[in-house]
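Novice: What follows is model_12.txt; its format and atoms are compact mmCIF, C-alpha atoms.
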```
# COMPACT_ATOMS: atom_id res chain seq x y z
CA MET A 1 59.37 74.37 45.00
CA MET A 2 61.70 71.96 46.83
CA ALA A 3 59.48 72.10 49.91
CA PHE A 4 56.43 71.50 47.74
CA PHE A 5 58.10 68.46 46.14
CA ALA A 6 59.20 67.15 49.52
CA ARG A 7 55.74 67.49 51.06
CA PHE A 8 54.01 66.04 48.05
CA THR A 9 56.26 62.99 47.93
CA LEU A 10 56.41 62.26 51.63
CA THR A 11 54.11 59.27 52.07
CA GLY A 12 54.52 55.78 50.65
CA PRO A 13 51.12 55.48 48.96
CA SER A 14 51.33 58.91 47.28
CA ASN A 15 54.85 58.12 46.03
CA TRP A 16 53.62 54.85 44.61
CA ILE A 17 50.57 56.38 42.91
CA ILE A 18 52.60 59.29 41.47
CA GLN A 19 55.19 56.87 40.05
CA ARG A 20 52.44 54.91 38.25
CA ILE A 21 50.51 57.90 36.90
CA THR A 22 53.65 59.67 35.65
CA ALA A 23 54.80 56.42 34.02
CA ILE A 24 51.51 56.19 32.12
CA VAL A 25 51.84 59.81 30.96
CA MET A 26 55.42 59.22 29.75
CA ALA A 27 54.41 56.00 27.97
CA ALA A 28 51.50 57.80 26.25
CA TYR A 29 53.83 60.57 25.08
CA LEU A 30 56.41 58.08 23.84
CA PHE A 31 53.77 56.13 21.87
CA PHE A 32 52.38 59.33 20.41
CA ILE A 33 55.76 60.68 19.25
CA VAL A 34 56.93 57.33 17.86
CA GLY A 35 53.53 56.87 16.17
CA PHE A 36 53.76 60.35 14.65
CA LEU A 37 57.24 59.65 13.29
CA VAL A 38 56.13 56.30 11.85
CA ILE A 39 53.08 57.85 10.14
CA ASN A 40 55.22 60.66 8.71
CA PRO A 41 58.41 58.99 7.45
CA ALA A 42 59.36 62.00 5.29
CA LEU A 43 58.87 64.51 8.09
CA THR A 44 59.54 68.15 7.17
CA TYR A 45 60.44 71.03 9.46
CA ASP A 46 57.08 72.66 8.74
CA GLN A 47 55.12 69.57 9.82
CA TRP A 48 57.14 69.21 13.01
CA SER A 49 56.85 72.91 13.74
CA ALA A 50 53.09 72.87 13.10
CA LEU A 51 52.61 69.91 15.46
CA ASN A 52 54.55 71.58 18.26
CA GLY A 53 52.85 74.90 17.60
CA LEU A 54 49.50 73.46 18.70
CA LEU A 55 48.53 74.54 22.19
CA SER A 56 47.30 71.01 23.01
CA MET A 57 50.67 69.57 21.94
CA ARG A 58 52.56 72.11 24.03
CA ILE A 59 50.47 71.25 27.06
CA PHE A 60 50.96 67.52 26.39
CA THR A 61 54.74 68.05 26.21
CA LEU A 62 54.78 70.19 29.34
CA VAL A 63 52.69 67.68 31.30
CA THR A 64 55.05 64.92 30.17
CA ILE A 65 58.14 66.84 31.25
CA ALA A 66 56.44 67.56 34.59
CA ALA A 67 55.76 63.80 34.85
CA VAL A 68 59.45 63.13 34.16
CA ALA A 69 60.32 65.63 36.90
CA PHE A 70 58.15 63.93 39.54
CA HIS A 71 59.17 60.45 38.42
CA ALA A 72 62.86 61.34 38.55
CA TRP A 73 62.53 63.07 41.92
CA ILE A 74 60.87 60.10 43.61
CA GLY A 75 62.96 57.48 41.82
CA MET A 76 66.31 59.16 42.40
CA ARG A 77 65.49 59.90 46.03
CA CYS A 78 64.78 56.21 46.44
CA VAL A 79 68.16 55.33 44.91
CA LEU A 80 69.97 57.91 47.08
CA THR A 81 68.36 56.68 50.31
CA ASP A 82 69.27 53.10 49.33
CA TYR A 83 72.95 53.63 48.56
CA ILE A 84 74.04 56.89 50.22
CA THR A 85 73.41 55.81 53.81
CA VAL A 86 75.40 55.90 57.04
CA ARG A 87 75.44 52.07 57.04
CA LEU A 88 77.10 51.92 53.63
CA ILE A 89 79.45 54.92 53.43
CA GLY A 90 79.73 56.22 56.99
CA PRO A 91 78.69 59.35 58.89
CA LYS A 92 79.27 61.71 55.96
CA ALA A 93 76.34 60.03 54.15
CA ASN A 94 73.61 62.40 55.30
CA GLY A 95 75.48 65.48 54.16
CA VAL A 96 76.46 63.91 50.84
CA ARG A 97 72.88 62.77 50.25
CA ASN A 98 71.45 66.22 50.97
CA VAL A 99 73.88 67.85 48.57
CA LEU A 100 73.05 65.32 45.84
CA GLN A 101 69.34 65.77 46.50
CA LEU A 102 69.67 69.53 46.25
CA GLY A 103 71.61 69.13 42.98
CA LEU A 104 68.93 66.77 41.69
CA GLY A 105 66.16 69.24 42.56
CA PHE A 106 68.10 72.03 40.85
CA ILE A 107 68.59 70.04 37.65
CA ILE A 108 64.93 68.99 37.56
CA LEU A 109 63.79 72.58 38.06
CA LEU A 110 66.20 73.75 35.36
CA TYR A 111 64.83 71.22 32.86
CA LEU A 112 61.27 72.27 33.67
CA MET A 113 62.01 75.94 33.08
CA TRP A 114 64.01 75.15 29.95
CA THR A 115 61.06 73.17 28.59
CA ILE A 116 58.72 76.10 29.14
CA LYS A 117 61.22 78.42 27.45
CA ILE A 118 61.48 76.14 24.42
CA LEU A 119 57.75 75.49 24.11
CA TRP A 120 56.67 79.11 24.36
CA GLY A 121 59.79 80.57 22.80
CA LEU A 122 60.33 83.01 25.65
CA MET B 123 85.31 13.74 45.59
CA LEU B 124 83.14 16.81 46.01
CA ASN B 125 84.83 20.17 46.47
CA VAL B 126 83.22 22.01 49.37
CA SER B 127 84.10 25.63 50.04
CA ILE B 128 82.90 27.08 53.34
CA TYR B 129 82.94 30.63 54.67
CA ARG B 130 84.99 30.75 57.87
CA TYR B 131 85.27 33.60 60.30
CA ASN B 132 86.08 33.54 63.98
CA PRO B 133 86.40 37.16 65.14
CA GLU B 134 88.48 36.09 68.15
CA VAL B 135 91.16 34.58 65.92
CA ASP B 136 90.75 35.78 62.33
CA ASP B 137 91.45 39.29 61.07
CA GLU B 138 89.02 38.76 58.21
CA PRO B 139 86.77 36.05 56.79
CA TYR B 140 88.17 33.46 54.37
CA MET B 141 86.91 30.49 52.38
CA GLN B 142 88.10 27.08 53.54
CA ASP B 143 88.17 24.20 51.06
CA PHE B 144 87.27 20.64 51.98
CA GLN B 145 87.22 17.40 50.04
CA PHE B 146 84.09 15.39 50.70
CA ASP B 147 83.21 11.84 49.66
CA THR B 148 79.46 11.61 49.02
CA GLU B 149 79.74 7.86 48.29
CA GLY B 150 77.50 8.53 45.32
CA LYS B 151 74.53 9.44 47.50
CA ASP B 152 72.30 12.48 47.00
CA ILE B 153 72.43 13.62 50.65
CA MET B 154 71.39 16.96 52.08
CA VAL B 155 73.74 19.92 52.48
CA LEU B 156 73.28 19.71 56.26
CA ASP B 157 74.60 16.11 56.21
CA VAL B 158 77.74 17.42 54.53
CA LEU B 159 78.14 20.12 57.19
CA GLU B 160 77.63 17.60 60.02
CA LYS B 161 80.29 15.27 58.60
CA LEU B 162 82.71 18.13 58.01
CA LYS B 163 82.22 19.24 61.61
CA ILE B 164 83.48 15.83 62.72
CA GLN B 165 86.55 16.45 60.54
CA ASP B 166 86.97 20.03 61.82
CA PRO B 167 85.12 20.61 65.14
CA SER B 168 85.79 24.37 64.97
CA LEU B 169 83.22 24.73 62.16
CA VAL B 170 80.11 26.45 63.52
CA PHE B 171 76.56 26.49 62.15
CA ARG B 172 73.02 26.45 63.49
CA ARG B 173 70.73 23.45 63.11
CA SER B 174 67.95 21.85 65.06
CA CYS B 175 65.12 19.78 63.61
CA ARG B 176 66.94 18.82 60.37
CA GLU B 177 63.64 18.52 58.49
CA GLY B 178 62.78 22.02 57.27
CA VAL B 179 60.47 22.96 60.12
CA CYS B 180 62.50 24.95 62.65
CA GLY B 181 64.22 27.32 60.22
CA SER B 182 67.57 27.29 62.06
CA ASP B 183 69.90 26.29 59.25
CA GLY B 184 69.24 28.96 56.66
CA VAL B 185 72.49 29.47 54.74
CA ASN B 186 73.57 30.66 51.33
CA ILE B 187 74.12 27.52 49.27
CA SER B 188 76.03 28.01 46.01
CA GLY B 189 74.66 31.53 45.78
CA LYS B 190 71.05 30.83 46.73
CA ASN B 191 69.57 31.11 50.22
CA GLY B 192 67.95 27.95 51.52
CA LEU B 193 67.69 25.49 54.38
CA ALA B 194 70.70 23.18 54.45
CA CYS B 195 68.60 20.31 55.83
CA ILE B 196 66.17 20.08 52.89
CA THR B 197 68.48 21.09 50.03
CA PRO B 198 69.86 17.97 48.33
CA LEU B 199 73.33 18.06 46.78
CA SER B 200 71.74 17.45 43.36
CA GLU B 201 70.19 20.93 43.62
CA ALA B 202 73.12 22.67 45.29
CA VAL B 203 76.27 21.41 43.56
CA LYS B 204 77.45 23.28 40.48
CA GLY B 205 80.42 21.88 38.54
CA ASN B 206 81.35 19.47 41.36
CA LYS B 207 81.59 22.40 43.75
CA LEU B 208 79.47 23.28 46.76
CA VAL B 209 79.87 26.78 48.23
CA ILE B 210 78.33 27.53 51.61
CA ARG B 211 78.21 31.02 53.05
CA PRO B 212 76.19 32.63 55.84
CA LEU B 213 72.94 34.36 54.87
CA PRO B 214 73.96 37.71 53.32
CA GLY B 215 73.24 41.16 54.71
CA LEU B 216 73.30 40.49 58.45
CA PRO B 217 76.36 40.60 60.73
CA VAL B 218 78.30 37.34 61.03
CA ILE B 219 78.86 36.12 64.59
CA ARG B 220 81.03 33.19 63.59
CA ASP B 221 81.34 31.04 60.44
CA LEU B 222 77.79 30.37 59.21
CA VAL B 223 76.06 31.87 62.26
CA ILE B 224 74.57 35.33 61.76
CA ASP B 225 73.18 37.88 64.20
CA MET B 226 69.44 37.91 63.43
CA GLY B 227 68.67 40.81 65.80
CA GLN B 228 67.73 43.20 62.98
CA PHE B 229 65.47 40.57 61.42
CA TYR B 230 63.63 39.96 64.70
CA ALA B 231 63.41 43.71 65.39
CA GLN B 232 61.43 44.09 62.15
CA TYR B 233 59.28 41.09 63.03
CA GLU B 234 58.51 42.64 66.42
CA LYS B 235 57.49 45.93 64.75
CA ILE B 236 54.55 44.37 62.92
CA GLN B 237 53.02 43.11 66.22
CA PRO B 238 52.94 39.43 65.30
CA TYR B 239 50.04 38.47 67.54
CA MET B 240 46.26 38.65 67.47
CA ILE B 241 44.82 41.95 68.65
CA ASN B 242 41.15 41.81 69.60
CA ASN B 243 39.92 43.78 72.58
CA SER B 244 36.31 42.58 72.45
CA PRO B 245 35.38 40.22 75.32
CA ALA B 246 36.51 36.68 74.61
CA PRO B 247 33.62 34.32 73.78
CA ALA B 248 32.95 31.30 76.00
CA ILE B 249 34.62 28.79 73.71
CA GLU B 250 36.62 30.35 70.89
CA ARG B 251 36.57 33.03 68.17
CA LEU B 252 35.07 31.26 65.19
CA GLN B 253 36.05 31.68 61.56
CA SER B 254 34.26 30.49 58.44
CA PRO B 255 36.25 28.08 56.24
CA GLU B 256 36.56 30.94 53.70
CA GLU B 257 38.00 33.31 56.31
CA ARG B 258 40.41 30.63 57.46
CA ALA B 259 41.47 29.95 53.86
CA LYS B 260 42.77 33.53 53.62
CA LEU B 261 45.56 32.61 56.05
CA ASP B 262 46.88 29.81 53.85
CA GLY B 263 50.27 30.67 52.40
CA LEU B 264 50.87 33.13 55.26
CA TYR B 265 50.89 31.25 58.56
CA GLU B 266 53.37 28.62 57.33
CA CYS B 267 56.36 31.00 57.57
CA ILE B 268 59.08 29.57 59.84
CA LEU B 269 61.13 32.79 60.13
CA CYS B 270 64.28 31.25 58.67
CA ALA B 271 65.21 34.68 57.17
CA CYS B 272 66.13 33.20 53.77
CA CYS B 273 63.78 35.69 52.04
CA SER B 274 64.67 38.88 53.91
CA THR B 275 68.40 38.25 53.54
CA ALA B 276 67.92 37.70 49.78
CA CYS B 277 66.24 41.09 49.44
CA PRO B 278 68.40 44.07 48.34
CA SER B 279 65.90 46.52 49.85
CA PHE B 280 66.43 44.78 53.21
CA TRP B 281 70.22 44.83 52.72
CA TRP B 282 70.22 48.59 52.13
CA ASN B 283 67.66 49.58 54.78
CA PRO B 284 67.35 46.77 57.35
CA GLU B 285 66.34 49.22 60.08
CA LYS B 286 63.57 50.88 58.03
CA PHE B 287 62.24 48.31 55.54
CA ILE B 288 60.29 45.53 57.29
CA GLY B 289 61.44 42.93 54.77
CA PRO B 290 59.51 40.14 53.04
CA SER B 291 59.27 37.86 56.07
CA GLY B 292 57.93 40.54 58.42
CA LEU B 293 55.51 41.81 55.79
CA LEU B 294 54.20 38.31 55.09
CA GLN B 295 53.48 38.04 58.81
CA ALA B 296 51.99 41.54 58.85
CA TYR B 297 49.54 40.49 56.16
CA ARG B 298 48.80 37.25 58.02
CA PHE B 299 47.27 39.40 60.81
CA LEU B 300 45.75 42.01 58.46
CA ALA B 301 43.94 39.19 56.66
CA ASP B 302 42.74 37.51 59.86
CA SER B 303 38.99 37.99 60.39
CA ARG B 304 39.48 37.72 64.18
CA ASP B 305 41.97 40.59 64.36
CA THR B 306 40.44 44.04 64.95
CA ALA B 307 43.55 46.24 64.75
CA THR B 308 43.65 46.55 60.94
CA GLU B 309 43.71 50.36 60.98
CA GLU B 310 46.46 50.60 63.59
CA ARG B 311 48.52 48.01 61.76
CA LEU B 312 48.19 49.91 58.47
CA ALA B 313 49.01 53.21 60.19
CA ASN B 314 52.24 51.66 61.51
CA LEU B 315 53.24 50.66 57.98
CA ASP B 316 52.25 53.92 56.28
CA ASP B 317 55.59 55.49 55.37
CA PRO B 318 57.89 55.43 52.33
CA PHE B 319 60.13 52.67 53.77
CA SER B 320 58.27 49.96 55.71
CA VAL B 321 56.33 48.54 52.76
CA PHE B 322 57.03 50.67 49.72
CA ARG B 323 60.73 49.84 49.50
CA CYS B 324 59.59 46.56 47.99
CA HIS B 325 60.05 46.93 44.24
CA GLY B 326 58.69 43.48 43.49
CA ILE B 327 61.86 41.76 42.28
CA MET B 328 60.63 38.54 43.92
CA ASN B 329 63.98 37.23 45.23
CA CYS B 330 61.97 36.28 48.33
CA VAL B 331 59.61 34.08 46.32
CA GLN B 332 62.52 32.44 44.54
CA VAL B 333 64.29 31.38 47.74
CA CYS B 334 61.46 30.62 50.20
CA PRO B 335 62.02 27.02 51.35
CA LYS B 336 58.33 26.72 52.24
CA GLY B 337 57.20 27.88 48.78
CA LEU B 338 55.46 30.98 50.12
CA ASN B 339 54.91 34.22 48.22
CA PRO B 340 55.82 37.33 50.25
CA THR B 341 55.64 39.57 47.15
CA LYS B 342 51.95 38.75 46.76
CA ALA B 343 51.28 39.49 50.44
CA ILE B 344 53.17 42.80 50.12
CA GLY B 345 50.99 43.64 47.10
CA HIS B 346 47.89 43.09 49.25
CA ILE B 347 49.26 45.36 52.01
CA ARG B 348 50.18 48.01 49.43
CA ASN B 349 46.65 47.94 48.01
CA MET B 350 45.18 48.24 51.51
CA LEU B 351 47.43 51.24 52.22
CA ILE B 352 46.53 52.94 48.94
CA ARG B 353 42.83 52.30 49.52
CA SER B 354 43.00 53.78 53.01
CA ALA B 355 44.96 56.79 51.70
CA THR B 356 42.57 57.67 48.88
```
Show me this structure written as structure tokens.

Specialist:
Amino acid sequence: MMAFFARFTLTGPSNWIIQRITAIVMAAYLFFIVGFLVINPALTYDQWSALNGLLSMRIFTLVTIAAVAFHAWIGMRCVLTDYITVRLIGPKANGVRNVLQLGLGFIILLYLMWTIKILWGL
Amino acid sequence: MLNVSIYRYNPEVDDEPYMQDFQFDTEGKDIMVLDVLEKLKIQDPSLVFRRSCREGVCGSDGVNISGKNGLACITPLSEAVKGNKLVIRPLPGLPVIRDLVIDMGQFYAQYEKIQPYMINNSPAPAIERLQSPEERAKLDGLYECILCACCSTACPSFWWNPEKFIGPSGLLQAYRFLADSRDTATEERLANLDDPFSVFRCHGIMNCVQVCPKGLNPTKAIGHIRNMLIRSAT
């Protein structure tokens, strides 16, 4: 999975395009959820449960979380390669950055699996 | 009297940089920051800065004036003085050689990377390579860059990765040759820029546009390069 992420986010143009597409997906999800809450001010558990029981809604949520995963991976890697560099913190930077990157990948993967578990009640 | 605070550092004498305060009588005139530096140098000949044409053409005297990069020779005190205080520091992000003089090696290394010269291997015509007025107009806002480094040293992406990110000045020049109808190396030029750092570390915060003493727009040029890279990738 890490290798897949790394390969997929290697070039500048693909990074840029992925950041934009995932941002649109996240914005669409945000508007939908906020819109749903506004339309249903007296939201009950049954309504909420019914909405999230729909297969289309589950897929929408999963796609959004996957978008968050890609967006966070590219964005955080950008931050790490800006600030955790040999120029700024010395020769230990590369090791520190790799550890942080590994931790980041682990957390992202964990969130993805957790989302699937919640959505399909595994 | 105007309070002038100047960054001083002579590595042969000083352990670390310090700010030196001067009192300066402007005689009520709205003179340029460079005039202040010249007069202070008479007062203290050890003060070092670069200058040459003193009219905003050579790009030698780029310094950080009260927090904003600019050319000392064309920045009047009325724009630079805040609360009767003028603070002059070297351009940020590059190594200081002495006082206001910085080592621009990294800046020029990035400029060299983009091959800042016409590449056209077709046989030269008898007189010259012609351009239509429309083709020539595409170079406006690009060729005027004087390489003063005010923009690149105002750019955080260049501060963090000066050896990988080309920087606004270099990218403006890169686009100047990408946009030139007489240049035939467009694909090679794009291939040299196609990585996550060279171009894509620009996040469009436009510090470069804000400080450019020639009123140029590197962010716009970078946007054009980015679109060319995305088009060639898809």

Novice: Do a neighbour search on Phe60 (chain A) at 12 Å with only C-alpha atoms, toss out local chain neighbours closer than 2 positions, and write the hits as a CSV table (one decimal) with C-alpha atoms, in the frame of the given file.

Specialist:
```csv
chain,number,residue,atom,x,y,z
A,25,VAL,CA,51.8,59.8,31.0
A,26,MET,CA,55.4,59.2,29.8
A,28,ALA,CA,51.5,57.8,26.2
A,29,TYR,CA,53.8,60.6,25.1
A,30,LEU,CA,56.4,58.1,23.8
A,32,PHE,CA,52.4,59.3,20.4
A,33,ILE,CA,55.8,60.7,19.2
A,51,LEU,CA,52.6,69.9,15.5
A,52,ASN,CA,54.6,71.6,18.3
A,53,GLY,CA,52.8,74.9,17.6
A,54,LEU,CA,49.5,73.5,18.7
A,55,LEU,CA,48.5,74.5,22.2
A,56,SER,CA,47.3,71.0,23.0
A,57,MET,CA,50.7,69.6,21.9
A,58,ARG,CA,52.6,72.1,24.0
A,62,LEU,CA,54.8,70.2,29.3
A,63,VAL,CA,52.7,67.7,31.3
A,64,THR,CA,55.0,64.9,30.2
A,65,ILE,CA,58.1,66.8,31.2
A,66,ALA,CA,56.4,67.6,34.6
A,67,ALA,CA,55.8,63.8,34.8
A,115,THR,CA,61.1,73.2,28.6
A,116,ILE,CA,58.7,76.1,29.1
A,119,LEU,CA,57.8,75.5,24.1
```

Novice: Can you write out as JSON lines which residues of chain B fall within 12 Å of chain A, alongside each residue's closest atom pair and its distance in Å to one decimal, counting only C-alpha atoms and ordering rows by chain and ascending residue number?

Specialist:
```
{"residue": "B:Gly215", "atom": "CA", "partner": "A:Arg87", "partner_atom": "CA", "distance": 11.4}
{"residue": "B:Leu216", "atom": "CA", "partner": "A:Arg87", "partner_atom": "CA", "distance": 11.9}
{"residue": "B:Pro278", "atom": "CA", "partner": "A:Asp82", "partner_atom": "CA", "distance": 9.1}
{"residue": "B:Ser279", "atom": "CA", "partner": "A:Asp82", "partner_atom": "CA", "distance": 7.4}
{"residue": "B:Phe280", "atom": "CA", "partner": "A:Asp82", "partner_atom": "CA", "distance": 9.6}
{"residue": "B:Trp281", "atom": "CA", "partner": "A:Asp82", "partner_atom": "CA", "distance": 9.0}
{"residue": "B:Trp282", "atom": "CA", "partner": "A:Asp82", "partner_atom": "CA", "distance": 5.4}
{"residue": "B:Asn283", "atom": "CA", "partner": "A:Asp82", "partner_atom": "CA", "distance": 6.7}
{"residue": "B:Pro284", "atom": "CA", "partner": "A:Arg87", "partner_atom": "CA", "distance": 9.7}
{"residue": "B:Glu285", "atom": "CA", "partner": "A:Arg87", "partner_atom": "CA", "distance": 10.0}
{"residue": "B:Lys286", "atom": "CA", "partner": "A:Asp82", "partner_atom": "CA", "distance": 10.6}
{"residue": "B:Phe287", "atom": "CA", "partner": "A:Asp82", "partner_atom": "CA", "distance": 10.5}
{"residue": "B:Leu312", "atom": "CA", "partner": "A:Pro13", "partner_atom": "CA", "distance": 11.4}
{"residue": "B:Ala313", "atom": "CA", "partner": "A:Gly12", "partner_atom": "CA", "distance": 11.3}
{"residue": "B:Asn314", "atom": "CA", "partner": "A:Gly12", "partner_atom": "CA", "distance": 11.8}
{"residue": "B:Leu315", "atom": "CA", "partner": "A:Gly12", "partner_atom": "CA", "distance": 9.0}
{"residue": "B:Asp316", "atom": "CA", "partner": "A:Gly12", "partner_atom": "CA", "distance": 6.3}
{"residue": "B:Asp317", "atom": "CA", "partner": "A:Gly12", "partner_atom": "CA", "distance": 4.8}
{"residue": "B:Pro318", "atom": "CA", "partner": "A:Gly12", "partner_atom": "CA", "distance": 3.8}
{"residue": "B:Phe319", "atom": "CA", "partner": "A:Gly12", "partner_atom": "CA", "distance": 7.1}
{"residue": "B:Ser320", "atom": "CA", "partner": "A:Gly12", "partner_atom": "CA", "distance": 8.6}
{"residue": "B:Val321", "atom": "CA", "partner": "A:Gly12", "partner_atom": "CA", "distance": 7.8}
{"residue": "B:Phe322", "atom": "CA", "partner": "A:Gly12", "partner_atom": "CA", "distance": 5.8}
{"residue": "B:Arg323", "atom": "CA", "partner": "A:Cys78", "partner_atom": "CA", "distance": 8.1}
{"residue": "B:Cys324", "atom": "CA", "partner": "A:Trp16", "partner_atom": "CA", "distance": 10.8}
{"residue": "B:His325", "atom": "CA", "partner": "A:Trp16", "partner_atom": "CA", "distance": 10.2}
{"residue": "B:Gly345", "atom": "CA", "partner": "A:Trp16", "partner_atom": "CA", "distance": 11.8}
{"residue": "B:Ile347", "atom": "CA", "partner": "A:Pro13", "partner_atom": "CA", "distance": 10.7}
{"residue": "B:Arg348", "atom": "CA", "partner": "A:Pro13", "partner_atom": "CA", "distance": 7.5}
{"residue": "B:Asn349", "atom": "CA", "partner": "A:Pro13", "partner_atom": "CA", "distance": 8.8}
{"residue": "B:Met350", "atom": "CA", "partner": "A:Pro13", "partner_atom": "CA", "distance": 9.7}
{"residue": "B:Leu351", "atom": "CA", "partner": "A:Pro13", "partner_atom": "CA", "distance": 6.5}
{"residue": "B:Ile352", "atom": "CA", "partner": "A:Pro13", "partner_atom": "CA", "distance": 5.2}
{"residue": "B:Arg353", "atom": "CA", "partner": "A:Pro13", "partner_atom": "CA", "distance": 8.9}
{"residue": "B:Ser354", "atom": "CA", "partner": "A:Pro13", "partner_atom": "CA", "distance": 9.2}
{"residue": "B:Ala355", "atom": "CA", "partner": "A:Pro13", "partner_atom": "CA", "distance": 6.9}
{"residue": "B:Thr356", "atom": "CA", "partner": "A:Pro13", "partner_atom": "CA", "distance": 8.8}
```

Novice: Hey, can you check how far CA of Val185 (chain B) sits from CA of Gly150 (chain B)?

Specialist: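 Distance between the two atoms: 23.5 Å.
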
Novice: If we count all atoms listed in the file and set the cut-off at 12 Å, which residues sit around Arg211 (chain B), ignoring sequence neighbours fewer than 2 positions away in its own chain? Please answer as an MDAnalysis selection string.

Specialist: chainID B and resid 126:131 139:142 155 159 170:171 183:194 208:209 213:216 218 220:224

Novice: Tell me, in Å to one decimal, how far CA of Ile74 (chain A) is from CA of Ala231 (chain B).

Specialist: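 Result for CA of Ile74 (chain A) versus CA of Ala231 (chain B): 27.4 Å, one decimal.
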
Novice: Using only C-alpha atoms, find the one residue out of B:Thr308, B:Glu134, B:Asp147, B:Leu156 that sits nearest to Gln237 (chain B).

Specialist: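 Answer, going by the shortest atom-to-atom distance: B:Thr308.
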
Novice: Find the distance between CA of Lys151 (chain B) and CA of Asn206 (chain B) and write it in Å to one decimal.

Specialist: 13.6 Å

Novice: Taking 5 positions as the minimum chain separation for residues in the same chain, which residues sit within 10 Å of region 69-72 of chain A when counting all atoms listed in the file? Answer as a ChimeraX atom specification.

Specialist: /A:5,8-9,15,18-23,26,63-64,77-78,104-105,107-109,111-112

Novice: Output the selection as a PDB file, keeping the file's coordinate frame - C-alpha atoms for each residue.

Specialist:
```pdb
ATOM      1  CA  PHE A   5      58.100  68.460  46.140  1.00  0.00           C
ATOM      2  CA  PHE A   8      54.010  66.040  48.050  1.00  0.00           C
ATOM      3  CA  THR A   9      56.260  62.990  47.930  1.00  0.00           C
ATOM      4  CA  ASN A  15      54.850  58.120  46.030  1.00  0.00           C
ATOM      5  CA  ILE A  18      52.600  59.290  41.470  1.00  0.00           C
ATOM      6  CA  GLN A  19      55.190  56.870  40.050  1.00  0.00           C
ATOM      7  CA  ARG A  20      52.440  54.910  38.250  1.00  0.00           C
ATOM      8  CA  ILE A  21      50.510  57.900  36.900  1.00  0.00           C
ATOM      9  CA  THR A  22      53.650  59.670  35.650  1.00  0.00           C
ATOM     10  CA  ALA A  23      54.800  56.420  34.020  1.00  0.00           C
ATOM     11  CA  MET A  26      55.420  59.220  29.750  1.00  0.00           C
ATOM     12  CA  VAL A  63      52.690  67.680  31.300  1.00  0.00           C
ATOM     13  CA  THR A  64      55.050  64.920  30.170  1.00  0.00           C
ATOM     14  CA  ARG A  77      65.490  59.900  46.030  1.00  0.00           C
ATOM     15  CA  CYS A  78      64.780  56.210  46.440  1.00  0.00           C
ATOM     16  CA  LEU A 104      68.930  66.770  41.690  1.00  0.00           C
ATOM     17  CA  GLY A 105      66.160  69.240  42.560  1.00  0.00           C
ATOM     18  CA  ILE A 107      68.590  70.040  37.650  1.00  0.00           C
ATOM     19  CA  ILE A 108      64.930  68.990  37.560  1.00  0.00           C
ATOM     20  CA  LEU A 109      63.790  72.580  38.060  1.00  0.00           C
ATOM     21  CA  TYR A 111      64.830  71.220  32.860  1.00  0.00           C
ATOM     22  CA  LEU A 112      61.270  72.270  33.670  1.00  0.00           C
TER      23      LEU A 112
END
```

Novice: For Gly292 (chain B), find every residue with an atom within 7 Å (counting all atoms listed in the file), except residues of its own chain fewer than 4 positions away, and show them as a list in words.

Specialist: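 These residues fall inside the cut-off: Gln232, Tyr233, Ile236, Ile288 and Ala296 of chain B.
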
Novice: Can you put N, CA and C atoms back into region 35-45 of chain A and show it as a CSV table (one decimal), in the coordinates of the input?

Specialist:
```
chain,number,residue,atom,x,y,z
A,35,GLY,N,54.6,57.1,17.1
A,35,GLY,CA,53.5,56.9,16.2
A,35,GLY,C,53.5,58.0,15.1
A,36,PHE,N,53.7,59.2,15.6
A,36,PHE,CA,53.8,60.4,14.6
A,36,PHE,C,54.9,60.2,13.7
A,37,LEU,N,56.1,59.8,14.2
A,37,LEU,CA,57.2,59.6,13.3
A,37,LEU,C,57.1,58.5,12.3
A,38,VAL,N,56.4,57.4,12.7
A,38,VAL,CA,56.1,56.3,11.8
A,38,VAL,C,55.1,56.7,10.7
A,39,ILE,N,54.1,57.4,11.1
A,39,ILE,CA,53.1,57.8,10.1
A,39,ILE,C,53.7,58.8,9.1
A,40,ASN,N,54.6,59.7,9.6
A,40,ASN,CA,55.2,60.7,8.7
A,40,ASN,C,56.7,60.4,8.5
A,41,PRO,N,57.0,59.4,7.6
A,41,PRO,CA,58.4,59.0,7.4
A,41,PRO,C,59.2,60.1,6.8
A,42,ALA,N,58.6,60.9,5.9
A,42,ALA,CA,59.4,62.0,5.3
A,42,ALA,C,59.0,63.3,6.0
A,43,LEU,N,59.3,63.4,7.3
A,43,LEU,CA,58.9,64.5,8.1
A,43,LEU,C,59.6,65.8,7.7
A,44,THR,N,58.9,66.9,7.5
A,44,THR,CA,59.5,68.2,7.2
A,44,THR,C,59.5,69.0,8.4
A,45,TYR,N,60.4,70.1,8.3
A,45,TYR,CA,60.4,71.0,9.5
A,45,TYR,C,59.1,71.7,9.7
```
